[in-house]
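For reference, entry28.txt is printed below; it contains compact mmCIF, C-alpha atoms.
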```txt
# COMPACT_ATOMS: atom_id res chain seq x y z
CA MET A 1 0.00 0.00 0.00
CA SER A 2 1.40 3.38 -0.98
CA ASP A 3 1.14 6.52 1.06
CA SER A 4 -0.32 9.05 -1.36
CA ASP A 5 -1.88 11.60 0.97
CA ALA A 6 1.21 13.71 1.69
CA ARG A 7 1.79 16.72 -0.57
CA SER A 8 5.30 17.05 -1.96
CA ASP A 9 5.95 20.30 -0.10
CA ASP A 10 5.15 18.58 3.20
CA VAL A 11 7.42 15.61 2.61
CA LYS A 12 10.91 15.17 4.04
CA LEU A 13 11.52 11.57 2.97
CA SER A 14 9.87 9.50 0.25
CA CYS A 15 10.28 5.76 -0.03
CA ARG A 16 9.11 4.56 -3.45
CA ASN A 17 8.68 0.89 -4.43
CA VAL A 18 11.72 -0.23 -2.45
CA TRP A 19 12.79 -3.88 -2.57
CA LYS A 20 15.53 -5.64 -0.66
CA VAL A 21 16.21 -9.15 -1.91
CA TYR A 22 19.10 -11.33 -0.73
CA GLY A 23 20.58 -14.02 -2.95
CA GLU A 24 22.29 -14.46 -6.29
CA ASN A 25 21.72 -11.55 -8.68
CA PRO A 26 18.16 -10.61 -7.70
CA ARG A 27 18.17 -7.53 -9.97
CA ARG A 28 17.66 -9.76 -13.02
CA PHE A 29 14.02 -10.23 -11.97
CA PHE A 30 13.25 -6.51 -12.27
CA ASP A 31 13.95 -6.16 -16.00
CA GLY A 32 15.57 -2.77 -15.55
CA ARG A 33 12.62 -1.36 -13.59
CA ARG A 34 13.26 0.82 -10.56
CA GLY A 35 10.95 -1.28 -8.41
CA ASP A 36 7.40 -0.32 -9.40
CA VAL A 37 5.97 -3.62 -10.58
CA GLY A 38 2.34 -2.54 -10.80
CA SER A 39 -0.42 -3.52 -8.41
CA VAL A 40 -0.16 -5.04 -4.95
CA GLU A 41 -1.10 -8.38 -6.53
CA ASP A 42 1.75 -8.03 -9.05
CA ALA A 43 4.18 -7.28 -6.21
CA ARG A 44 3.03 -10.36 -4.29
CA ALA A 45 3.42 -12.47 -7.43
CA LEU A 46 6.98 -11.20 -7.95
CA ALA A 47 7.84 -11.79 -4.28
CA ASP A 48 6.56 -15.37 -4.58
CA ARG A 49 8.59 -15.87 -7.75
CA LEU A 50 11.73 -14.59 -6.03
CA ARG A 51 11.21 -16.97 -3.11
CA GLU A 52 10.64 -19.87 -5.51
CA ASN A 53 14.11 -19.11 -6.89
CA ASP A 54 15.65 -19.46 -3.41
CA LEU A 55 15.96 -15.72 -2.84
CA ILE A 56 15.11 -14.04 0.46
CA VAL A 57 12.64 -11.15 0.15
CA ALA A 58 13.22 -8.85 3.11
CA ALA A 59 11.30 -5.86 1.70
CA ALA A 60 8.84 -5.93 -1.19
CA ASN A 61 7.54 -2.86 -3.06
CA VAL A 62 7.53 -0.64 0.07
CA SER A 63 6.24 2.92 -0.40
CA PHE A 64 5.50 5.66 2.12
CA ASP A 65 6.19 9.34 2.82
CA VAL A 66 7.52 10.91 6.00
CA LYS A 67 6.23 14.43 6.48
CA ILE A 68 8.30 17.28 7.85
CA GLY A 69 8.24 17.19 11.66
CA GLU A 70 6.24 13.97 12.04
CA ILE A 71 6.93 10.74 13.89
CA PHE A 72 6.37 7.95 11.36
CA VAL A 73 6.37 4.51 13.00
CA ILE A 74 7.05 1.28 11.11
CA MET A 75 5.97 -1.78 13.03
CA GLY A 76 5.45 -5.48 12.56
CA LEU A 77 6.36 -8.83 14.00
CA SER A 78 9.87 -10.26 13.89
CA GLY A 79 10.84 -10.90 10.27
CA SER A 80 8.29 -8.46 8.85
CA GLY A 81 10.98 -6.30 7.23
CA LYS A 82 10.74 -3.21 9.45
CA SER A 83 14.42 -3.09 10.50
CA THR A 84 15.54 -3.89 6.97
CA MET A 85 13.61 -0.84 5.77
CA VAL A 86 15.22 1.62 8.17
CA ARG A 87 18.63 0.31 7.12
CA CYS A 88 17.67 0.74 3.46
CA LEU A 89 16.56 4.32 4.14
CA SER A 90 20.02 5.19 5.45
CA ARG A 91 21.77 2.91 2.91
CA ILE A 92 23.42 0.89 5.64
CA VAL A 93 21.81 -1.85 3.55
CA GLU A 94 21.69 -1.25 -0.21
CA PRO A 95 18.17 -1.66 -1.65
CA THR A 96 17.77 -3.98 -4.61
CA ALA A 97 15.34 -1.66 -6.40
CA GLY A 98 13.26 1.45 -5.84
CA GLU A 99 13.85 5.09 -4.94
CA ILE A 100 14.51 6.88 -1.65
CA LEU A 101 14.17 10.66 -1.87
CA LEU A 102 15.43 13.05 0.82
CA ASP A 103 14.25 16.59 0.10
CA GLY A 104 13.63 15.41 -3.46
CA GLU A 105 17.17 14.06 -3.96
CA ASN A 106 17.54 10.35 -4.71
CA LEU A 107 19.78 8.87 -2.00
CA LEU A 108 20.33 5.74 -4.07
CA ALA A 109 22.08 7.84 -6.71
CA ALA A 110 24.41 9.47 -4.16
CA SER A 111 28.12 8.72 -4.34
CA LYS A 112 29.95 7.33 -1.32
CA ARG A 113 31.29 10.78 -0.50
CA GLU A 114 27.81 12.36 -0.82
CA LEU A 115 26.31 9.61 1.32
CA ILE A 116 28.92 10.17 4.05
CA GLU A 117 28.03 13.85 4.04
CA TYR A 118 24.30 13.07 4.30
CA ARG A 119 24.97 10.85 7.31
CA ARG A 120 27.25 13.41 8.94
CA SER A 121 24.96 16.41 8.52
CA LYS A 122 21.39 15.31 7.84
CA MET A 123 20.82 11.92 9.49
CA GLY A 124 20.85 10.74 13.08
CA MET A 125 20.57 7.06 14.01
CA VAL A 126 19.79 5.26 17.28
CA PHE A 127 19.72 1.48 17.54
CA GLN A 128 18.67 -1.09 20.14
CA ASN A 129 22.29 -1.89 21.04
CA PHE A 130 23.55 1.41 22.33
CA GLY A 131 26.85 1.28 20.42
CA LEU A 132 28.74 3.45 22.92
CA MET A 133 32.53 3.39 22.90
CA PRO A 134 33.56 1.93 26.28
CA HIS A 135 36.89 3.78 26.43
CA LEU A 136 35.21 7.19 26.08
CA ASN A 137 33.26 8.99 28.78
CA VAL A 138 29.76 10.39 28.22
CA LEU A 139 31.01 13.78 27.03
CA ASP A 140 33.42 12.32 24.51
CA ASN A 141 30.90 9.72 23.28
CA VAL A 142 28.40 12.48 22.53
CA ALA A 143 31.07 14.72 20.98
CA PHE A 144 32.53 11.96 18.78
CA PRO A 145 30.43 12.60 15.61
CA LEU A 146 31.29 16.30 15.88
CA GLU A 147 34.97 15.38 16.02
CA VAL A 148 34.47 13.32 12.86
CA GLN A 149 32.96 16.42 11.25
CA GLY A 150 36.17 18.30 12.07
CA MET A 151 34.70 20.60 14.72
CA GLY A 152 37.17 22.13 17.17
CA LEU A 153 37.55 20.75 20.68
CA LYS A 154 36.00 23.67 22.56
CA GLU A 155 33.02 24.02 20.24
CA ARG A 156 32.22 20.31 20.07
CA ARG A 157 32.42 19.88 23.84
CA ALA A 158 30.10 22.86 24.36
CA LYS A 159 27.62 21.39 21.89
CA ALA A 160 27.90 17.94 23.46
CA MET A 161 27.22 19.42 26.90
CA ASP A 162 24.07 21.05 25.55
CA MET A 163 22.86 17.68 24.27
CA ILE A 164 23.73 15.97 27.56
CA GLU A 165 21.63 18.55 29.41
CA ARG A 166 18.75 18.05 26.96
CA VAL A 167 18.58 14.33 27.72
CA GLY A 168 18.81 14.83 31.48
CA LEU A 169 22.35 13.57 32.11
CA SER A 170 23.95 16.68 33.58
CA GLY A 171 26.57 15.64 36.12
CA ARG A 172 27.32 12.32 34.38
CA GLU A 173 29.49 13.71 31.56
CA ALA A 174 32.67 12.21 33.08
CA SER A 175 31.12 8.76 33.58
CA PHE A 176 32.00 5.80 31.38
CA PRO A 177 29.33 3.54 29.80
CA THR A 178 29.90 0.73 32.31
CA GLN A 179 29.01 3.15 35.11
CA LEU A 180 25.59 3.91 33.62
CA SER A 181 22.25 2.13 33.73
CA GLY A 182 20.64 0.88 30.51
CA GLY A 183 18.34 3.88 30.36
CA GLN A 184 21.24 6.27 30.89
CA GLN A 185 23.26 4.56 28.16
CA GLN A 186 20.37 4.96 25.75
CA ARG A 187 20.13 8.64 26.66
CA VAL A 188 23.80 8.98 25.69
CA GLY A 189 23.05 7.30 22.37
CA ILE A 190 20.18 9.71 21.77
CA ALA A 191 22.32 12.72 22.69
CA ARG A 192 25.08 11.54 20.36
CA SER A 193 22.69 11.13 17.44
CA LEU A 194 21.23 14.60 18.06
CA ALA A 195 24.61 16.33 18.39
CA VAL A 196 24.92 16.75 14.61
CA GLU A 197 21.45 18.37 14.56
CA PRO A 198 20.04 15.89 12.02
CA GLU A 199 17.09 16.82 9.85
CA LEU A 200 16.04 13.16 9.71
CA TRP A 201 16.18 10.86 12.73
CA PHE A 202 16.11 7.05 12.50
CA LEU A 203 15.41 4.99 15.64
CA ASP A 204 15.38 1.19 15.38
CA GLU A 205 13.65 -0.33 18.44
CA PRO A 206 15.69 1.99 20.69
CA PHE A 207 13.87 1.12 23.93
CA SER A 208 13.06 -2.58 23.48
CA ALA A 209 16.00 -3.77 25.61
CA LEU A 210 14.95 -1.63 28.58
CA ASP A 211 12.85 -2.60 31.59
CA PRO A 212 9.15 -1.59 31.26
CA LEU A 213 9.34 1.34 33.69
CA ILE A 214 12.54 2.72 32.15
CA ARG A 215 11.08 2.15 28.70
CA ARG A 216 8.04 4.28 29.56
CA GLN A 217 10.30 7.02 30.92
CA MET A 218 12.37 6.98 27.73
CA GLN A 219 9.23 7.24 25.60
CA ASP A 220 8.22 10.31 27.62
CA GLU A 221 11.71 11.75 27.18
CA PHE A 222 11.61 11.06 23.45
CA LEU A 223 8.25 12.85 23.10
CA ARG A 224 9.55 15.80 25.14
CA LEU A 225 12.58 16.11 22.86
CA GLN A 226 10.36 15.96 19.79
CA ARG A 227 8.18 18.77 21.11
CA GLU A 228 11.34 20.87 21.44
CA LEU A 229 13.15 19.86 18.25
CA HIS A 230 10.41 18.96 15.70
CA LYS A 231 12.49 16.36 13.87
CA SER A 232 11.30 14.22 10.97
CA ILE A 233 11.46 10.75 12.51
CA VAL A 234 11.26 7.13 11.39
CA PHE A 235 10.77 4.96 14.48
CA ILE A 236 10.84 1.14 14.35
CA THR A 237 9.03 -0.99 16.92
CA HIS A 238 7.23 -4.32 17.32
CA ASP A 239 5.17 -2.98 20.23
CA PHE A 240 1.76 -1.63 19.17
CA LEU A 241 1.21 0.16 22.49
CA GLU A 242 4.54 1.96 22.05
CA ALA A 243 3.54 2.90 18.52
CA LEU A 244 0.20 4.27 19.75
CA ARG A 245 1.95 6.46 22.31
CA ILE A 246 4.37 8.11 19.93
CA ALA A 247 3.14 7.85 16.32
CA ASP A 248 1.63 10.62 14.26
CA ARG A 249 1.17 8.01 11.54
CA MET A 250 2.26 4.41 11.25
CA ALA A 251 2.81 1.63 8.75
CA ILE A 252 2.28 -2.04 9.57
CA MET A 253 4.43 -4.54 7.69
CA ARG A 254 4.07 -8.27 7.07
CA ASP A 255 6.32 -10.54 5.00
CA GLY A 256 8.27 -7.55 3.70
CA MET A 257 5.21 -5.64 2.49
CA VAL A 258 3.25 -2.69 3.88
CA VAL A 259 -0.23 -3.83 4.88
CA GLN A 260 -1.70 -0.52 6.04
CA ILE A 261 -0.68 3.11 6.63
CA GLY A 262 -2.59 5.61 8.74
CA ARG A 263 -3.02 7.35 12.05
CA PRO A 264 -3.25 5.00 15.05
CA ALA A 265 -7.00 5.68 15.26
CA ASP A 266 -7.41 4.76 11.57
CA LEU A 267 -5.84 1.36 12.15
CA ILE A 268 -8.10 0.76 15.13
CA LEU A 269 -11.34 1.91 13.50
CA THR A 270 -10.75 0.51 10.00
CA PRO A 271 -8.14 -2.30 10.11
CA ALA A 272 -7.20 -3.45 6.61
CA ASP A 273 -7.32 -7.15 7.51
CA ASP A 274 -7.20 -9.65 10.36
CA TYR A 275 -3.43 -9.19 10.72
CA VAL A 276 -3.85 -5.51 11.56
CA ARG A 277 -6.89 -6.27 13.72
CA GLU A 278 -4.79 -8.69 15.80
CA PHE A 279 -2.48 -5.84 16.78
CA THR A 280 -5.41 -3.85 18.16
CA ASN A 281 -7.01 -6.61 20.22
CA ASP A 282 -5.40 -5.66 23.53
CA VAL A 283 -5.37 -1.90 22.97
CA PRO A 284 -7.39 0.27 25.41
CA TRP A 285 -9.25 1.95 22.55
CA GLU A 286 -11.02 4.47 24.76
CA MET A 287 -7.60 5.94 25.63
CA VAL A 288 -6.59 6.23 21.97
CA LEU A 289 -9.71 7.36 20.13
CA THR A 290 -10.56 11.03 20.36
CA ALA A 291 -13.74 13.05 19.95
CA GLY A 292 -12.39 14.18 16.57
CA ASP A 293 -12.11 10.56 15.40
CA ILE A 294 -15.76 9.86 16.18
CA ALA A 295 -17.58 13.17 15.56
CA ASP A 296 -20.24 13.06 12.83
CA PRO A 297 -20.14 16.24 10.70
CA GLU A 298 -23.72 15.62 9.52
CA ARG A 299 -25.13 15.48 13.02
CA ALA A 300 -27.42 18.41 13.85
CA VAL A 301 -26.69 20.47 16.94
CA VAL A 302 -29.49 20.14 19.50
CA PRO A 303 -30.20 22.00 22.74
CA GLY A 304 -28.37 20.67 25.77
CA MET A 305 -25.18 19.72 23.95
CA GLY A 306 -21.88 20.48 25.64
CA GLN A 307 -18.73 21.07 23.64
CA VAL A 308 -15.27 19.53 23.70
CA SER A 309 -11.97 19.75 21.87
CA ALA A 310 -11.36 17.27 19.07
CA ALA A 311 -8.25 16.06 20.93
CA THR A 312 -10.25 14.90 23.99
CA THR A 313 -9.91 11.15 24.43
CA VAL A 314 -13.01 8.99 24.77
CA ASP A 315 -12.14 7.76 28.27
CA LEU A 316 -12.45 11.34 29.55
CA LEU A 317 -15.82 11.79 27.80
CA LEU A 318 -17.56 8.61 28.94
CA PRO A 319 -18.81 9.91 32.33
CA TYR A 320 -20.35 12.97 30.68
CA LEU A 321 -21.93 11.06 27.79
CA ALA A 322 -23.44 8.52 30.19
CA ASN A 323 -25.50 11.31 31.77
CA HIS A 324 -26.16 13.57 28.77
CA GLU A 325 -28.13 11.83 26.04
CA ALA A 326 -27.84 14.77 23.63
CA GLY A 327 -24.08 14.29 23.43
CA VAL A 328 -21.47 16.94 22.67
CA LYS A 329 -20.35 19.29 19.92
CA VAL A 330 -16.75 18.77 18.81
CA ASN A 331 -14.54 21.70 17.82
CA ASP A 332 -11.00 21.84 16.46
CA ALA A 333 -8.18 23.79 18.11
CA SER A 334 -9.37 27.04 16.48
CA GLY A 335 -12.95 26.55 17.68
CA ARG A 336 -14.35 25.44 14.30
CA TYR A 337 -17.26 22.99 14.53
CA LEU A 338 -16.31 19.49 13.31
CA GLY A 339 -19.42 17.52 14.22
CA ALA A 340 -21.23 16.00 17.14
CA MET A 341 -21.29 12.68 18.98
CA ASN A 342 -23.17 10.84 21.69
CA ALA A 343 -22.73 7.67 23.73
CA MET A 344 -24.05 5.42 20.95
CA ASP A 345 -21.45 6.81 18.54
CA VAL A 346 -18.75 5.79 21.01
CA VAL A 347 -20.20 2.28 21.27
CA ARG A 348 -20.25 1.94 17.47
CA ALA A 349 -16.65 3.14 17.21
CA LEU A 350 -15.40 0.80 19.92
CA ALA A 351 -17.23 -2.12 18.30
CA SER A 352 -16.05 -1.38 14.76
CA GLY A 353 -13.13 -3.80 14.88
CA VAL A 354 -14.93 -6.57 16.76
CA PRO A 355 -17.01 -9.22 14.91
CA GLU A 356 -20.56 -9.78 16.09
CA PRO A 357 -20.73 -12.68 18.57
CA ALA A 358 -22.48 -15.82 17.38
CA GLU A 359 -24.30 -16.06 20.71
CA VAL A 360 -26.50 -13.06 19.95
CA GLN A 361 -29.71 -13.90 18.10
CA GLU A 362 -31.98 -11.40 16.37
```
Starting from the file, lay out its structure as structure tokens.
Amino acid sequence: MSDSDARSDDVKLSCRNVWKVYGENPRRFFDGRRGDVGSVEDARALADRLRENDLIVAAANVSFDVKIGEIFVIMGLSGSGKSTMVRCLSRIVEPTAGEILLDGENLLAASKRELIEYRRSKMGMVFQNFGLMPHLNVLDNVAFPLEVQGMGLKERRAKAMDMIERVGLSGREASFPTQLSGGQQQRVGIARSLAVEPELWFLDEPFSALDPLIRRQMQDEFLRLQRELHKSIVFITHDFLEALRIADRMAIMRDGMVVQIGRPADLILTPADDYVREFTNDVPWEMVLTAGDIADPERAVVPGMGQVSAATTVDLLLPYLANHEAGVKVNDASGRYLGAMNAMDVVRALASGVPEPAEVQE
């Protein structure tokens, strides 16, 4: 499934029909094409053909856009292709076919020197294994990419200290990695990746190795940093609840292909298939869905209606709706009327992804 909603002037990164196939000379199956093989059915047929020829299809015809300043989450089960994709985006792994455009420039056409410059100045990367250098203290770990850029000692240490303060590690700049907790080590990794002030930030399951409480704290820290810095972010996870907390939009992958792209509420209300629906089974929907997701623009305003912001989550509205049959008007952040909703609308929304039970008889 392609992501066609983003306008070109809103887009930071475009991934177009990207394939990654491992094995002997996989490019021969693309007949000189860049990767666009036609419909989803055609892509599946080609993927099956590649597998029949003992090739490993890690990513198949993947397309999406990442808008300026958004957190775009790619998620899926182990082996779905999500980590392969983030490595293709940065060309740590070379795609077999397709296009990857950063600010309209095709990264796959970049020379080695140009690619190094992109990574030094425009990209930041954080991975699950923290990748800190054990012989360097926190300050020098964070300053290392600035040293690679050729920045002077005084300037790079001042910039590194600013990043260390941003991630809440003031006072630990002289510590070595072995003296830090897992959460603190990951904060160093985040500070190091931000030191170069990247325009595009890649994070591949950065918190999955952390304990649940520390993981939650790091998610909060990540969201705080994003509110300050407004980066364009590709975030990889296998945890749907984590994705719901942080994503502006998300893509779900299976067997190397994108199954569905949308806002978290879109995936909950209108799952593309049973695979997507499985991810939402244990989600507390009432804490994810908002009044704006449910409001009916055709609903007439009647006396006795209250009014709420579109961003209000359903769990906060339930007590009011239980005692006010007329429901509420829903307005956007500027006060513009978006629609109205009542308790029955909430019930319908919460039931949208659940099949009717066989036990109920008409």
Practice item. For A:Val37, work out the shell of residues within 12 Å, counting all atoms listed in the file and skipping chain neighbours fewer than 2 positions away, then give it as a ChimeraX atom specification. Key: /A:16-19,29-35,39-47,60-62,97-98
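Comparing A:Val347, A:Asp65, A:Asp10, A:Arg27 by their smallest distance to A:Ile261, the closest is A:Asp65 (using only C-alpha atoms).
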Review point. Counting only C-alpha atoms, what is within 6 Å of stretch 196-208 of chain A, bar same-chain residues fewer than 3 positions away, as number ranges by chain?
Key: A: 122-128, 215, 232-237
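Atom pair atom CA of A:Leu50 / atom CA of A:Ser14: separated by 25.0 Å.
Comparing the minimum interatomic distances between A:Phe240 and each of A:Phe279, A:Tyr22, A:Tyr337, A:Trp285, counting all atoms listed in the file, we find that A:Phe279 sits nearest.
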Review point. Which one is closest to A:Leu244: A:Met75, A:Val346, A:Leu213, A:His324? Count all atoms listed in the file.
Key: A:Met75
Write out as JSON lines the residues of stretch 205-317 of chain A that have any atom within 9 Å of an atom of stretch 78-81 of chain A, one row each with the nearest atom pair and its distance in Å to one decimal, counting only C-alpha atoms, sorted by chain and then rising number.
```
{"residue": "A:His238", "atom": "CA", "partner": "A:Ser78", "partner_atom": "CA", "distance": 7.3}
{"residue": "A:Ile252", "atom": "CA", "partner": "A:Ser80", "partner_atom": "CA", "distance": 8.8}
{"residue": "A:Met253", "atom": "CA", "partner": "A:Ser80", "partner_atom": "CA", "distance": 5.6}
{"residue": "A:Arg254", "atom": "CA", "partner": "A:Ser80", "partner_atom": "CA", "distance": 4.6}
{"residue": "A:Asp255", "atom": "CA", "partner": "A:Ser80", "partner_atom": "CA", "distance": 4.8}
{"residue": "A:Gly256", "atom": "CA", "partner": "A:Gly81", "partner_atom": "CA", "distance": 4.6}
{"residue": "A:Met257", "atom": "CA", "partner": "A:Gly81", "partner_atom": "CA", "distance": 7.5}
```
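From atom CA of A:Lys12 back to atom CA of A:Glu228, the distance works out to 18.3 Å.
Atom to atom, atom CA of A:Ile164 and atom CA of A:Asp248 stand 26.3 Å apart.
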Exercise for review: Counting only C-alpha atoms, note down every residue that has an atom within 8 Å of the point (-12.3, 10.5, 18.2) (file coordinates), as a list of chain:residue names.
Suggested key: A:Ala265, A:Leu289, A:Thr290, A:Ala291, A:Gly292, A:Asp293, A:Ile294, A:Ala295, A:Ala310, A:Ala311, A:Thr312, A:Thr313, A:Val314
Using 8 Å of padding on each side, determine the axis-aligned box around all atoms of stretch 122-131 of chain A present in the file and give its centre and edge lengths in Å to one decimal, as lines of an AutoDock Vina configuration file.
```
center_x = 22.8
center_y = 6.7
center_z = 15.1
size_x = 24.2
size_y = 33.2
size_z = 30.5
```
Counting all atoms listed in the file, give me one row per residue of stretch 145-170 of chain A with an atom at most 12 Å from an atom of stretch 103-118 of chain A, showing the shortest contact pair and its distance in Å to one decimal, sorted by chain then residue number, as JSON lines.
```
{"residue": "A:Pro145", "atom": "CA", "partner": "A:Glu117", "partner_atom": "CA", "distance": 11.9}
{"residue": "A:Val148", "atom": "CA", "partner": "A:Ile116", "partner_atom": "CA", "distance": 10.9}
{"residue": "A:Gln149", "atom": "CA", "partner": "A:Glu117", "partner_atom": "CA", "distance": 9.1}
```
Practice item. Pick out the closest residue to A:Gly150 from this set: A:Val301, A:Lys67, A:Arg348, A:Ser121. Count all atoms listed in the file. Key: A:Ser121
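Ranking A:Met341, A:Leu318, A:Met250, A:Met163 by their shortest atom-to-atom distance to A:Arg299, with all atoms listed in the file included, puts A:Met341 first.
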Review point. Excluding same-chain residues fewer than 5 positions from A:Thr178, what lies within 10 Å of it counting all atoms listed in the file, as a PyMOL selection string?
Key: chain A and resi 132+134-135+137+185
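Counting only C-alpha atoms, the residue from A:Ser90, A:Gln186, A:Asp266, A:Val21 that sits nearest to A:Ile56 is A:Val21.
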Rebuild stretch 288-312 of chain A so that it carries N, CA and C atoms, then output the result as a compact mmCIF listing (two decimals), in the frame of the given file.
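And here's out_5.txt as it stands now:
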```txt
# COMPACT_ATOMS: atom_id res chain seq x y z
N VAL A 288 -7.23 5.88 23.23
CA VAL A 288 -6.59 6.23 21.97
C VAL A 288 -7.51 7.07 21.09
N LEU A 289 -8.76 6.64 20.98
CA LEU A 289 -9.71 7.36 20.13
C LEU A 289 -10.06 8.70 20.75
N THR A 290 -10.22 9.69 19.91
CA THR A 290 -10.56 11.03 20.36
C THR A 290 -11.93 11.44 19.85
N ALA A 291 -12.44 12.53 20.41
CA ALA A 291 -13.74 13.05 19.95
C ALA A 291 -13.68 13.37 18.46
N GLY A 292 -12.53 13.87 17.99
CA GLY A 292 -12.39 14.18 16.57
C GLY A 292 -12.46 12.96 15.68
N ASP A 293 -12.04 11.80 16.19
CA ASP A 293 -12.11 10.56 15.40
C ASP A 293 -13.55 10.09 15.21
N ILE A 294 -14.40 10.42 16.16
CA ILE A 294 -15.76 9.86 16.18
C ILE A 294 -16.82 10.85 15.73
N ALA A 295 -16.56 12.15 15.85
CA ALA A 295 -17.58 13.17 15.56
C ALA A 295 -18.18 13.01 14.17
N ASP A 296 -19.50 13.16 14.08
CA ASP A 296 -20.24 13.06 12.83
C ASP A 296 -20.52 14.47 12.32
N PRO A 297 -19.93 14.88 11.18
CA PRO A 297 -20.14 16.24 10.70
C PRO A 297 -21.57 16.51 10.22
N GLU A 298 -22.34 15.45 9.98
CA GLU A 298 -23.72 15.62 9.52
C GLU A 298 -24.70 15.72 10.68
N ARG A 299 -24.24 15.47 11.87
CA ARG A 299 -25.13 15.48 13.02
C ARG A 299 -25.58 16.91 13.34
N ALA A 300 -26.88 17.08 13.53
CA ALA A 300 -27.42 18.41 13.85
C ALA A 300 -27.15 18.74 15.31
N VAL A 301 -26.87 20.00 15.57
CA VAL A 301 -26.69 20.47 16.94
C VAL A 301 -28.06 20.63 17.60
N VAL A 302 -28.22 20.07 18.79
CA VAL A 302 -29.49 20.14 19.50
C VAL A 302 -29.27 20.81 20.85
N PRO A 303 -30.34 21.37 21.42
CA PRO A 303 -30.20 22.00 22.74
C PRO A 303 -29.69 21.00 23.78
N GLY A 304 -28.89 21.50 24.69
CA GLY A 304 -28.37 20.67 25.77
C GLY A 304 -27.03 20.05 25.48
N MET A 305 -26.49 20.28 24.28
CA MET A 305 -25.18 19.72 23.95
C MET A 305 -24.07 20.53 24.61
N GLY A 306 -23.10 19.83 25.21
CA GLY A 306 -21.88 20.48 25.64
C GLY A 306 -20.93 20.59 24.47
N GLN A 307 -19.72 21.02 24.71
CA GLN A 307 -18.73 21.07 23.64
C GLN A 307 -17.36 20.68 24.18
N VAL A 308 -16.60 20.01 23.31
CA VAL A 308 -15.27 19.53 23.70
C VAL A 308 -14.30 19.75 22.55
N SER A 309 -13.02 19.69 22.88
CA SER A 309 -11.97 19.75 21.87
C SER A 309 -11.87 18.41 21.14
N ALA A 310 -11.51 18.48 19.87
CA ALA A 310 -11.36 17.27 19.07
C ALA A 310 -10.30 16.34 19.64
N ALA A 311 -9.34 16.87 20.39
CA ALA A 311 -8.25 16.06 20.93
C ALA A 311 -8.63 15.32 22.21
N THR A 312 -9.83 15.56 22.75
CA THR A 312 -10.25 14.90 23.99
C THR A 312 -10.43 13.41 23.77
```
